[in-house]
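Participant: What follows is work-v5.cif; its format and atoms are mmCIF, C-alpha atoms.
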data_structure
loop_
_atom_site.group_PDB
_atom_site.id
_atom_site.type_symbol
_atom_site.label_atom_id
_atom_site.label_comp_id
_atom_site.auth_asym_id
_atom_site.auth_seq_id
_atom_site.Cartn_x
_atom_site.Cartn_y
_atom_site.Cartn_z
ATOM 1 C CA MET Y 1 13.321 -9.604 5.749
ATOM 2 C CA ILE Y 2 13.517 -6.011 6.981
ATOM 3 C CA PRO Y 3 12.641 -6.821 10.636
ATOM 4 C CA GLN Y 4 15.390 -9.468 10.636
ATOM 5 C CA ASP Y 5 18.108 -6.855 10.070
ATOM 6 C CA ARG Y 6 16.819 -3.288 10.006
ATOM 7 C CA PHE Y 7 20.294 -1.766 10.157
ATOM 8 C CA PHE Y 8 21.359 -3.386 6.877
ATOM 9 C CA PHE Y 9 18.221 -2.301 5.026
ATOM 10 C CA TYR Y 10 18.373 1.214 6.503
ATOM 11 C CA THR Y 11 21.971 1.470 5.294
ATOM 12 C CA VAL Y 12 21.036 0.264 1.808
ATOM 13 C CA GLY Y 13 17.960 2.504 1.649
ATOM 14 C CA LEU Y 14 19.937 5.577 2.710
ATOM 15 C CA SER Y 15 22.633 4.663 0.193
ATOM 16 C CA VAL Y 16 20.048 4.563 -2.608
ATOM 17 C CA LEU Y 17 18.790 8.023 -1.564
ATOM 18 C CA ASN Y 18 22.359 9.349 -1.451
ATOM 19 C CA PHE Y 19 22.983 7.887 -4.889
ATOM 20 C CA PHE Y 20 20.265 10.070 -6.398
ATOM 21 C CA ILE Y 21 21.707 13.102 -4.598
ATOM 22 C CA VAL Y 22 25.196 12.316 -5.892
ATOM 23 C CA THR Y 23 23.809 11.733 -9.390
ATOM 24 C CA VAL Y 24 22.142 15.156 -9.473
ATOM 25 C CA TRP Y 25 25.288 16.822 -8.143
ATOM 26 C CA PHE Y 26 27.516 14.946 -10.567
ATOM 27 C CA TRP Y 27 25.620 15.970 -13.672
ATOM 28 C CA LEU Y 28 25.140 19.550 -12.512
ATOM 29 C CA ALA Y 29 28.850 19.894 -11.769
ATOM 30 C CA ARG Y 30 29.999 18.096 -14.895
ATOM 31 C CA PRO Y 31 30.319 21.203 -17.146
ATOM 32 C CA THR Y 32 32.353 22.994 -14.474
ATOM 33 C CA LEU Y 33 34.692 20.048 -14.015
ATOM 34 C CA GLN Y 34 35.151 19.640 -17.772
ATOM 35 C CA ASN Y 35 36.257 23.272 -18.034
ATOM 36 C CA PHE Y 36 38.873 22.721 -15.329
ATOM 37 C CA ASP Y 37 42.201 24.407 -16.088
ATOM 38 C CA LEU Y 38 43.844 22.294 -18.803
ATOM 39 C CA GLN Y 39 47.272 23.173 -17.426
ATOM 40 C CA HIS Y 40 46.710 20.776 -14.538
ATOM 41 C CA LYS Y 41 48.009 17.262 -15.059
ATOM 42 C CA TYR Y 42 44.590 15.662 -14.592
ATOM 43 C CA SER Y 43 40.970 16.604 -14.274
ATOM 44 C CA PRO Y 44 39.176 15.934 -10.971
ATOM 45 C CA ILE Y 45 36.254 14.449 -12.893
ATOM 46 C CA VAL Y 46 38.224 11.246 -13.574
ATOM 47 C CA PRO Y 47 38.402 9.950 -9.971
ATOM 48 C CA VAL Y 48 34.844 11.169 -9.372
ATOM 49 C CA GLN Y 49 33.622 9.128 -12.329
ATOM 50 C CA LYS Y 50 35.383 5.997 -11.059
ATOM 51 C CA LEU Y 51 33.896 6.333 -7.578
ATOM 52 C CA TYR Y 52 30.476 7.032 -9.061
ATOM 53 C CA LEU Y 53 30.621 3.873 -11.190
ATOM 54 C CA LEU Y 54 31.836 1.853 -8.202
ATOM 55 C CA TYR Y 55 28.926 3.258 -6.201
ATOM 56 C CA LEU Y 56 26.482 2.174 -8.913
ATOM 57 C CA CYS Y 57 28.013 -1.319 -9.178
ATOM 58 C CA LEU Y 58 27.790 -1.876 -5.415
ATOM 59 C CA LEU Y 59 24.111 -0.910 -5.345
ATOM 60 C CA LEU Y 60 23.352 -3.168 -8.321
ATOM 61 C CA ILE Y 61 25.141 -6.123 -6.720
ATOM 62 C CA ILE Y 62 23.335 -5.680 -3.402
ATOM 63 C CA GLY Y 63 19.985 -5.097 -5.107
ATOM 64 C CA PHE Y 64 20.378 -8.198 -7.269
ATOM 65 C CA GLN Y 65 21.174 -10.389 -4.260
ATOM 66 C CA ILE Y 66 18.184 -9.018 -2.352
ATOM 67 C CA MET Y 67 15.965 -9.936 -5.311
ATOM 68 C CA LEU Y 68 17.377 -13.476 -5.349
ATOM 69 C CA THR Y 69 16.832 -13.832 -1.610
ATOM 70 C CA LEU Y 70 13.154 -12.866 -1.832
ATOM 71 C CA LYS Y 71 12.282 -16.398 -2.928
ATOM 72 C CA HIS Y 72 13.714 -17.730 0.362
ATOM 73 C CA PRO Y 73 13.617 -14.716 2.688
ATOM 74 C CA ALA Y 74 16.320 -15.030 5.340
ATOM 75 C CA THR Y 75 18.949 -12.382 5.976
ATOM 76 C CA HIS Y 76 21.831 -14.819 6.518
ATOM 77 C CA TYR Y 77 21.800 -15.296 2.748
ATOM 78 C CA LEU Y 78 22.687 -11.584 2.447
ATOM 79 C CA ILE Y 79 26.020 -11.887 4.268
ATOM 80 C CA PRO Y 80 28.028 -11.223 1.034
ATOM 81 C CA SER Y 81 26.121 -7.969 0.560
ATOM 82 C CA MET Y 82 26.578 -7.048 4.214
ATOM 83 C CA GLY Y 83 30.320 -7.396 3.673
ATOM 84 C CA LEU Y 84 30.120 -4.737 0.962
ATOM 85 C CA CYS Y 85 28.463 -2.161 3.236
ATOM 86 C CA SER Y 86 31.782 -0.789 4.557
ATOM 87 C CA LEU Y 87 33.003 -0.140 1.024
ATOM 88 C CA LEU Y 88 29.611 1.331 0.118
ATOM 89 C CA ILE Y 89 29.787 3.778 3.046
ATOM 90 C CA TRP Y 90 33.389 4.737 2.218
ATOM 91 C CA VAL Y 91 32.454 5.565 -1.392
ATOM 92 C CA GLN Y 92 29.595 7.800 -0.225
ATOM 93 C CA VAL Y 93 31.759 9.622 2.301
ATOM 94 C CA THR Y 94 34.456 10.222 -0.316
ATOM 95 C CA LEU Y 95 32.011 11.551 -2.909
ATOM 96 C CA PHE Y 96 30.292 13.879 -0.446
ATOM 97 C CA GLU Y 97 33.657 15.051 0.836
ATOM 98 C CA GLN Y 98 34.698 16.118 -2.654
ATOM 99 C CA GLN Y 99 31.464 18.060 -2.963
ATOM 100 C CA LEU Y 100 31.239 19.667 0.462
ATOM 101 C CA THR Y 101 34.876 20.771 0.750
ATOM 102 C CA THR Y 102 34.288 23.121 -2.178
ATOM 103 C CA LEU Y 103 31.070 24.523 -0.702
ATOM 104 C CA LEU Y 104 31.732 24.789 3.034
ATOM 105 C CA GLN Y 105 34.417 26.378 5.149
ATOM 106 C CA PRO Y 106 36.859 23.901 6.741
ATOM 107 C CA SER Y 107 35.582 24.565 10.275
ATOM 108 C CA ILE Y 108 31.943 24.057 9.273
ATOM 109 C CA TYR Y 109 32.843 20.958 7.288
ATOM 110 C CA ALA Y 110 34.722 19.488 10.280
ATOM 111 C CA LYS Y 111 31.758 20.089 12.624
ATOM 112 C CA LEU Y 112 29.314 18.607 10.107
ATOM 113 C CA SER Y 113 31.524 15.522 9.663
ATOM 114 C CA LEU Y 114 31.710 15.035 13.418
ATOM 115 C CA LEU Y 115 27.928 15.344 13.726
ATOM 116 C CA VAL Y 116 27.281 12.789 10.984
ATOM 117 C CA LEU Y 117 29.831 10.391 12.480
ATOM 118 C CA THR Y 118 28.256 10.725 15.934
ATOM 119 C CA VAL Y 119 24.753 10.076 14.604
ATOM 120 C CA TYR Y 120 25.927 7.050 12.609
ATOM 121 C CA VAL Y 121 27.872 5.505 15.511
ATOM 122 C CA THR Y 122 24.971 6.103 17.912
ATOM 123 C CA ALA Y 123 22.465 4.555 15.505
ATOM 124 C CA SER Y 124 24.782 1.594 14.856
ATOM 125 C CA ALA Y 125 25.259 0.969 18.578
ATOM 126 C CA ALA Y 126 21.516 1.248 19.291
ATOM 127 C CA VAL Y 127 20.526 -1.142 16.515
ATOM 128 C CA THR Y 128 23.282 -3.604 17.428
ATOM 129 C CA TYR Y 129 22.191 -3.570 21.078
ATOM 130 C CA GLN Y 130 18.575 -4.249 20.112
ATOM 131 C CA LEU Y 131 19.637 -7.142 17.873
ATOM 132 C CA MET Y 132 21.739 -8.583 20.687
ATOM 133 C CA LEU Y 133 18.751 -8.466 23.041
ATOM 134 C CA GLN Y 134 16.504 -10.125 20.456
ATOM 135 C CA ASP Y 135 19.057 -12.853 19.800
ATOM 136 C CA LYS Y 136 19.532 -13.434 23.522
ATOM 137 C CA ASN Y 137 15.785 -13.792 24.113
ATOM 138 C CA SER Y 138 15.398 -15.996 21.048
ATOM 139 C CA HIS Y 139 18.254 -18.282 22.086
ATOM 140 C CA GLN Y 140 16.943 -18.561 25.644
ATOM 141 C CA SER Y 141 13.518 -19.498 24.329
ATOM 142 C CA TYR Y 142 15.016 -22.026 21.927
ATOM 143 C CA ARG Y 143 17.150 -23.612 24.659
ATOM 144 C CA GLY Y 144 14.031 -23.884 26.821
ATOM 145 C CA GLU Y 145 12.163 -25.691 24.055
ATOM 146 C CA ILE Y 146 15.034 -28.119 23.489
ATOM 147 C CA LYS Y 147 15.250 -28.850 27.219
ATOM 148 C CA THR Y 148 11.519 -29.555 27.381
ATOM 149 C CA ILE Y 149 11.640 -31.849 24.340
ATOM 150 C CA ASN Y 150 14.604 -33.808 25.700
ATOM 151 C CA GLN Y 151 12.860 -34.243 29.055
ATOM 152 C CA LEU Y 152 9.674 -35.492 27.364
ATOM 153 C CA ILE Y 153 11.630 -38.012 25.297
ATOM 154 C CA LYS Y 154 13.603 -39.245 28.295
ATOM 155 C CA GLN Y 155 10.571 -39.581 30.578
ATOM 156 C CA ASN Y 156 7.842 -40.822 28.230
ATOM 157 C CA TYR Y 157 9.266 -41.861 24.855
ATOM 158 C CA ASN Y 158 12.706 -43.252 25.570
ATOM 159 C CA ASN Y 159 11.814 -46.620 24.006
ATOM 160 C CA CYS Y 160 10.306 -45.142 20.848
ATOM 161 C CA ILE Y 161 11.969 -44.940 17.462
ATOM 162 C CA HIS Y 162 13.315 -41.380 17.310
ATOM 163 C CA VAL Y 163 12.943 -39.924 13.806
ATOM 164 C CA ARG Y 164 14.763 -36.632 13.261
ATOM 165 C CA TYR Y 165 14.043 -34.288 10.394
ATOM 166 C CA TYR Y 166 14.911 -30.815 9.071
ATOM 167 C CA ARG Y 167 16.276 -28.390 11.700
ATOM 168 C CA SER Y 168 16.155 -30.864 14.527
ATOM 169 C CA SER Y 169 18.574 -29.857 17.303
ATOM 170 C CA ASP Y 170 19.543 -33.499 17.819
ATOM 171 C CA ARG Y 171 23.241 -34.288 17.291
ATOM 172 C CA GLN Y 172 22.535 -37.216 14.972
ATOM 173 C CA TYR Y 173 20.552 -35.013 12.609
ATOM 174 C CA ALA Y 174 23.394 -32.469 12.552
ATOM 175 C CA LEU Y 175 25.735 -35.280 11.443
ATOM 176 C CA LYS Y 176 23.189 -36.505 8.876
ATOM 177 C CA PHE Y 177 22.741 -32.988 7.477
ATOM 178 C CA GLY Y 178 26.493 -32.498 7.152
ATOM 179 C CA ASN Y 179 26.981 -35.941 5.617
ATOM 180 C CA ASP Y 180 24.384 -35.178 2.934
ATOM 181 C CA PHE Y 181 26.351 -32.070 1.945
ATOM 182 C CA ALA Y 182 29.552 -34.164 1.933
ATOM 183 C CA SER Y 183 28.088 -36.473 -0.747
ATOM 184 C CA ASN Y 184 27.525 -39.194 1.891
ATOM 185 C CA ARG Y 185 31.257 -39.847 2.263
ATOM 186 C CA PHE Y 186 30.896 -40.709 5.950
ATOM 187 C CA SER Y 187 27.745 -42.841 5.734
ATOM 188 C CA LYS Y 188 29.375 -46.148 6.741
ATOM 189 C CA VAL Y 189 31.214 -44.659 9.698
ATOM 190 C CA LEU Y 190 28.088 -42.889 10.951
ATOM 191 C CA GLU Y 191 25.934 -45.989 10.418
ATOM 192 C CA TYR Y 192 28.366 -47.994 12.520
ATOM 193 C CA SER Y 193 28.519 -45.341 15.255
ATOM 194 C CA PHE Y 194 24.757 -44.685 15.336
ATOM 195 C CA PRO Y 195 22.887 -47.853 14.286
ATOM 196 C CA ASP Y 196 19.659 -46.392 15.702
ATOM 197 C CA GLY Y 197 19.780 -43.305 13.473
ATOM 198 C CA PHE Y 198 16.417 -42.762 11.737
ATOM 199 C CA PHE Y 199 15.540 -39.676 9.704
ATOM 200 C CA TYR Y 200 12.653 -38.263 7.721
ATOM 201 C CA ASN Y 201 13.599 -36.448 4.509
ATOM 202 C CA ILE Y 202 11.014 -33.684 4.186
ATOM 203 C CA TRP Y 203 11.791 -33.091 0.490
ATOM 204 C CA SER Y 204 11.505 -36.684 -0.729
ATOM 205 C CA ARG Y 205 9.087 -37.584 2.121
ATOM 206 C CA LYS Y 206 10.999 -40.811 2.697
ATOM 207 C CA TYR Y 207 12.587 -42.377 5.751
ATOM 208 C CA GLU Y 208 16.336 -42.918 5.822
ATOM 209 C CA SER Y 209 19.214 -44.100 7.952
ATOM 210 C CA PHE Y 210 22.732 -42.753 7.542
ATOM 211 C CA ASN Y 211 23.372 -45.258 4.763
ATOM 212 C CA GLN Y 212 20.117 -46.236 3.072
ATOM 213 C CA GLU Y 213 16.422 -45.673 2.578
ATOM 214 C CA LEU Y 214 14.173 -47.329 5.162
ATOM 215 C CA ASP Y 215 10.705 -48.856 5.279
ATOM 216 C CA LEU Y 216 9.191 -48.408 8.733
ATOM 217 C CA SER Y 217 6.209 -50.662 8.093
ATOM 218 C CA ASN Y 218 7.941 -53.587 9.835
ATOM 219 C CA LEU Y 219 8.994 -51.529 12.837
ATOM 220 C CA ILE Y 220 5.659 -49.895 13.549
ATOM 221 C CA GLU Y 221 4.193 -53.185 14.784
ATOM 222 C CA LYS Y 222 6.380 -53.289 17.886
ATOM 223 C CA ASN Y 223 7.477 -49.716 18.420
ATOM 224 C CA CYS Y 224 6.098 -46.236 18.762
ATOM 225 C CA ILE Y 225 7.581 -43.539 16.522
ATOM 226 C CA ILE Y 226 8.243 -39.917 17.414
ATOM 227 C CA PHE Y 227 9.321 -37.063 15.128
ATOM 228 C CA GLN Y 228 11.531 -34.127 16.132
ATOM 229 C CA GLY Y 229 12.194 -31.045 14.011
ATOM 230 C CA SER Y 230 10.693 -27.793 12.748
ATOM 231 C CA PRO Y 231 6.998 -27.153 13.511
ATOM 232 C CA LEU Y 232 5.123 -28.816 10.666
ATOM 233 C CA ASN Y 233 1.993 -26.744 11.250
ATOM 234 C CA GLU Y 234 3.733 -23.608 9.952
ATOM 235 C CA ALA Y 235 2.918 -22.468 6.415
ATOM 236 C CA HIS Y 236 6.517 -23.026 5.264
ATOM 237 C CA TYR Y 237 6.587 -26.692 6.319
ATOM 238 C CA SER Y 238 2.986 -27.901 6.147
ATOM 239 C CA GLN Y 239 3.613 -29.255 2.644
ATOM 240 C CA PHE Y 240 6.311 -31.572 4.053
ATOM 241 C CA MET Y 241 4.039 -33.393 6.494
ATOM 242 C CA PRO Y 242 4.514 -37.183 6.552
ATOM 243 C CA SER Y 243 1.909 -39.204 4.697
ATOM 244 C CA THR Y 244 0.943 -40.773 8.031
ATOM 245 C CA THR Y 245 -1.173 -39.339 10.830
ATOM 246 C CA ILE Y 246 0.746 -37.659 13.651
ATOM 247 C CA GLU Y 247 -0.279 -35.961 16.872
ATOM 248 C CA ILE Y 248 1.452 -33.072 18.625
ATOM 249 C CA ILE Y 249 3.358 -33.896 21.796
ATOM 250 C CA PHE Y 250 5.068 -30.524 22.117
ATOM 251 C CA ASP Y 251 4.407 -27.567 19.836
ATOM 252 C CA GLY Y 252 7.286 -25.083 20.097
ATOM 253 C CA GLN Y 253 8.029 -21.928 18.186
ATOM 254 C CA SER Y 254 11.317 -23.243 16.778
ATOM 255 C CA GLU Y 255 11.049 -26.985 17.275
ATOM 256 C CA SER Y 256 8.263 -29.495 17.870
ATOM 257 C CA LEU Y 257 7.800 -33.109 18.886
ATOM 258 C CA TYR Y 258 5.196 -35.396 17.289
ATOM 259 C CA LYS Y 259 4.041 -38.992 17.700
ATOM 260 C CA LEU Y 260 2.917 -41.198 14.851
ATOM 261 C CA ILE Y 261 -0.601 -42.554 15.311
ATOM 262 C CA GLN Y 262 -1.085 -46.103 14.103
ATOM 263 C CA LYS Y 263 -4.533 -46.972 12.837
ATOM 264 C CA PRO Y 264 -5.779 -50.538 12.103
ATOM 265 C CA ASN Y 265 -4.592 -51.810 8.710
ATOM 266 C CA ASP Y 266 -2.604 -48.629 8.093
ATOM 267 C CA LYS Y 267 0.423 -49.075 5.905
ATOM 268 C CA ILE Y 268 3.409 -46.854 6.559
ATOM 269 C CA LYS Y 269 5.166 -45.653 3.460
#
I need this file expressed as structure tokens, please.
Facilitator:
Amino acid sequence: MIPQDRFFFYTVGLSVLNFFIVTVWFWLARPTLQNFDLQHKYSPIVPVQKLYLLYLCLLLIIGFQIMLTLKHPATHYLIPSMGLCSLLIWVQVTLFEQQLTTLLQPSIYAKLSLLVLTVYVTASAAVTYQLMLQDKNSHQSYRGEIKTINQLIKQNYNNCIHVRYYRSSDRQYALKFGNDFASNRFSKVLEYSFPDGFFYNIWSRKYESFNQELDLSNLIEKNCIIFQGSPLNEAHYSQFMPSTTIEIIFDGQSESLYKLIQKPNDKIK
């Protein structure tokens, strides 16, 4: 997951390192803070303790979500933790400020703060720019694959039964995917609007329309069948291959097109 969003993991890693630094400082300074003049209305250790506990809680929350995401490694599942990064940075800045203002002269502290801010902004801008370039190249490549697939279907397989499956860029599959998450509330409307909608459920390994499960054994006699979706030759999706034999028409990095091969006396399930 680290190459998917280096900036997030660098921020979390640096925050963990800073936590150990703050922990050492906190426990070394604790006796001094406890002996603070009792004539003051409050001891400065109280707000420090609260920020320290908040710091610990934030790291535990982010760490726990990273552990959960390891079973399905994709950084978009870490968006809740990414939203906590601003608060995490603010807590660190506040804790270090309370420490450094007592150790450094105001002028030195101001210059050090400016230096740290400059380095952080520069690093943030550089990483963001690199991610933007990667996304741009990835999207251009993906759009090229989709264009090629659509041209192949239009020129050579326009009369075939078009079966869409997981992560297909086709509009009908987007509607099917959303309808599944909506407890199939719109099945009848979609079935009426798209009577030629055929889909392959990679988890159940069954064929479906918008409204019901299908048996393609009757259709295979008169029609060819093509599949469009994620590359099934990848390790993540090879287990979801249809029980029938298929050949590659177009093998893309993000999306592929296959054709079902009919053999004599084969029965399509």
Participant: Please list as a list in words every residue within 12 Å of Ile2 (chain Y), counting all atoms listed in the file and excluding residues in the same chain fewer than 2 positions away.
Facilitator: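 Here the answer would be Gln4, Asp5, Arg6, Phe7, Phe8, Phe9, Tyr10, Thr11, Val12, Gly13, Ile66, Leu70, Pro73, Ala74, Thr75 and Leu78 of chain Y.
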Participant: So what do you get for CA of Gly178 (chain Y) versus CA of Thr69 (chain Y), distance-wise?
Facilitator: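 Computing the Euclidean distance for CA of Gly178 (chain Y) and CA of Thr69 (chain Y) yields 22.8 Å.
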Participant: Please measure the separation of CA of Gln172 (chain Y) and CA of Ser243 (chain Y), giving the value in Å to one decimal.
Facilitator: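 That distance, rounded to one decimal, is 23.1 Å.
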Participant: Of the residues Y:Ala126, Y:Leu175, Y:Leu214, Y:Val163, which is the one nearest to Phe198 (chain Y), using all atoms listed in the file?
Facilitator: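 Using all atoms listed in the file, Phe198 (chain Y) sits closest to Y:Val163.
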Participant: At a cut-off of 12 Å, using all atoms listed in the file, what residues contact region 150-154 of chain Y? Leave out same-chain residues fewer than 4 positions from it and give the result as a PyMOL selection string.
Facilitator: chain Y and resi 143-146+158-163+168-170+224-228+249-250+255-259
Participant: Report, in Å with one decimal, the straight-line distance from CA of Ser204 (chain Y) to CA of Phe240 (chain Y).
Facilitator: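 Straight-line distance from CA of Ser204 (chain Y) to CA of Phe240 (chain Y) works out to 8.7 Å.
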Participant: Let me know the centre plus edge lengths, in Å and rounded to one decimal, of a box with edges along x, y and z that contains all listed atoms of region 254-259 of chain Y and is padded by 8 Å on every side, as lines of an AutoDock Vina configuration file.
Facilitator:
center_x = 7.7
center_y = -31.1
center_z = 17.8
size_x = 23.3
size_y = 31.7
size_z = 18.1
Participant: If you count only C-alpha atoms, which residues fall within 9 Å of Lys176 (chain Y), apart from same-chain ones fewer than 3 positions away, as an MDAnalysis selection string?
Facilitator: chainID Y and resid 171:173 179:181 184 187 190 197 199 209:210
Participant: Please list as a ChimeraX atom specification every residue within 9 Å of Pro242 (chain Y), counting all atoms listed in the file and excluding residues in the same chain fewer than 4 positions away.
Facilitator: /Y:200,202,205-206,246
Participant: Point out the residue among Y:Leu14, Y:Leu133, Y:Val24, Y:Ile62 with the least atom-to-atom distance to Gln92 (chain Y), counting all atoms listed in the file.
Facilitator: Y:Leu14
Participant: Counting all atoms listed in the file, which residues have an atom no more than 8 Å from (11.2, -30.4, 5.0) in the file's coordinates? Please list them as an NGL selection string.
Facilitator: :Y and (165-166 or 201-203 or 237 or 240-241)
Participant: Could you extract region 164-188 of chain Y of the given structure into a file holding N, CA and C atoms, as a short mmCIF file (atom, residue, chain, number, x, y, z; two decimals), in the first residue's frame?
Facilitator:
data_model
loop_
_atom_site.label_atom_id
_atom_site.label_comp_id
_atom_site.auth_asym_id
_atom_site.auth_seq_id
_atom_site.Cartn_x
_atom_site.Cartn_y
_atom_site.Cartn_z
N ARG Y 164 -21.05 -8.35 -18.84
CA ARG Y 164 -20.18 -7.48 -18.05
C ARG Y 164 -19.97 -8.11 -16.68
N TYR Y 165 -18.80 -7.86 -16.12
CA TYR Y 165 -18.54 -8.35 -14.76
C TYR Y 165 -17.71 -7.32 -14.01
N TYR Y 166 -17.24 -7.69 -12.83
CA TYR Y 166 -16.65 -6.77 -11.85
C TYR Y 166 -15.66 -5.80 -12.46
N ARG Y 167 -15.88 -4.49 -12.19
CA ARG Y 167 -15.05 -3.38 -12.62
C ARG Y 167 -15.09 -3.14 -14.12
N SER Y 168 -16.10 -3.60 -14.77
CA SER Y 168 -16.29 -3.23 -16.16
C SER Y 168 -16.64 -1.75 -16.23
N SER Y 169 -16.10 -1.04 -17.24
CA SER Y 169 -16.38 0.38 -17.40
C SER Y 169 -17.71 0.64 -18.10
N ASP Y 170 -18.40 -0.43 -18.50
CA ASP Y 170 -19.67 -0.28 -19.20
C ASP Y 170 -20.74 0.33 -18.28
N ARG Y 171 -21.58 1.19 -18.85
CA ARG Y 171 -22.60 1.89 -18.07
C ARG Y 171 -23.59 0.91 -17.43
N GLN Y 172 -23.96 -0.14 -18.15
CA GLN Y 172 -24.93 -1.08 -17.60
C GLN Y 172 -24.39 -1.77 -16.35
N TYR Y 173 -23.08 -2.08 -16.36
CA TYR Y 173 -22.53 -2.72 -15.16
C TYR Y 173 -22.51 -1.74 -13.99
N ALA Y 174 -22.25 -0.46 -14.25
CA ALA Y 174 -22.28 0.54 -13.19
C ALA Y 174 -23.67 0.58 -12.54
N LEU Y 175 -24.72 0.50 -13.37
CA LEU Y 175 -26.09 0.49 -12.84
C LEU Y 175 -26.37 -0.81 -12.08
N LYS Y 176 -25.88 -1.91 -12.59
CA LYS Y 176 -26.05 -3.21 -11.92
C LYS Y 176 -25.34 -3.21 -10.55
N PHE Y 177 -24.13 -2.68 -10.53
CA PHE Y 177 -23.36 -2.63 -9.28
C PHE Y 177 -24.07 -1.77 -8.24
N GLY Y 178 -24.56 -0.62 -8.67
CA GLY Y 178 -25.29 0.25 -7.74
C GLY Y 178 -26.60 -0.36 -7.29
N ASN Y 179 -27.29 -1.05 -8.19
CA ASN Y 179 -28.57 -1.68 -7.84
C ASN Y 179 -28.38 -2.79 -6.81
N ASP Y 180 -27.27 -3.53 -6.93
CA ASP Y 180 -26.98 -4.58 -5.94
C ASP Y 180 -26.82 -3.98 -4.54
N PHE Y 181 -26.16 -2.83 -4.45
CA PHE Y 181 -25.97 -2.17 -3.16
C PHE Y 181 -27.25 -1.50 -2.67
N ALA Y 182 -28.21 -1.30 -3.57
CA ALA Y 182 -29.50 -0.72 -3.20
C ALA Y 182 -30.55 -1.80 -2.95
N SER Y 183 -30.08 -3.01 -2.65
CA SER Y 183 -30.97 -4.15 -2.35
C SER Y 183 -31.92 -4.43 -3.52
N ASN Y 184 -31.44 -4.21 -4.74
CA ASN Y 184 -32.19 -4.53 -5.97
C ASN Y 184 -33.53 -3.81 -6.06
N ARG Y 185 -33.60 -2.61 -5.52
CA ARG Y 185 -34.85 -1.84 -5.54
C ARG Y 185 -35.23 -1.40 -6.95
N PHE Y 186 -34.26 -1.26 -7.83
CA PHE Y 186 -34.53 -0.72 -9.16
C PHE Y 186 -34.43 -1.80 -10.24
N SER Y 187 -34.53 -3.06 -9.86
CA SER Y 187 -34.33 -4.16 -10.80
C SER Y 187 -35.34 -4.12 -11.95
N LYS Y 188 -36.62 -3.91 -11.64
CA LYS Y 188 -37.65 -3.94 -12.68
C LYS Y 188 -37.49 -2.79 -13.67
#
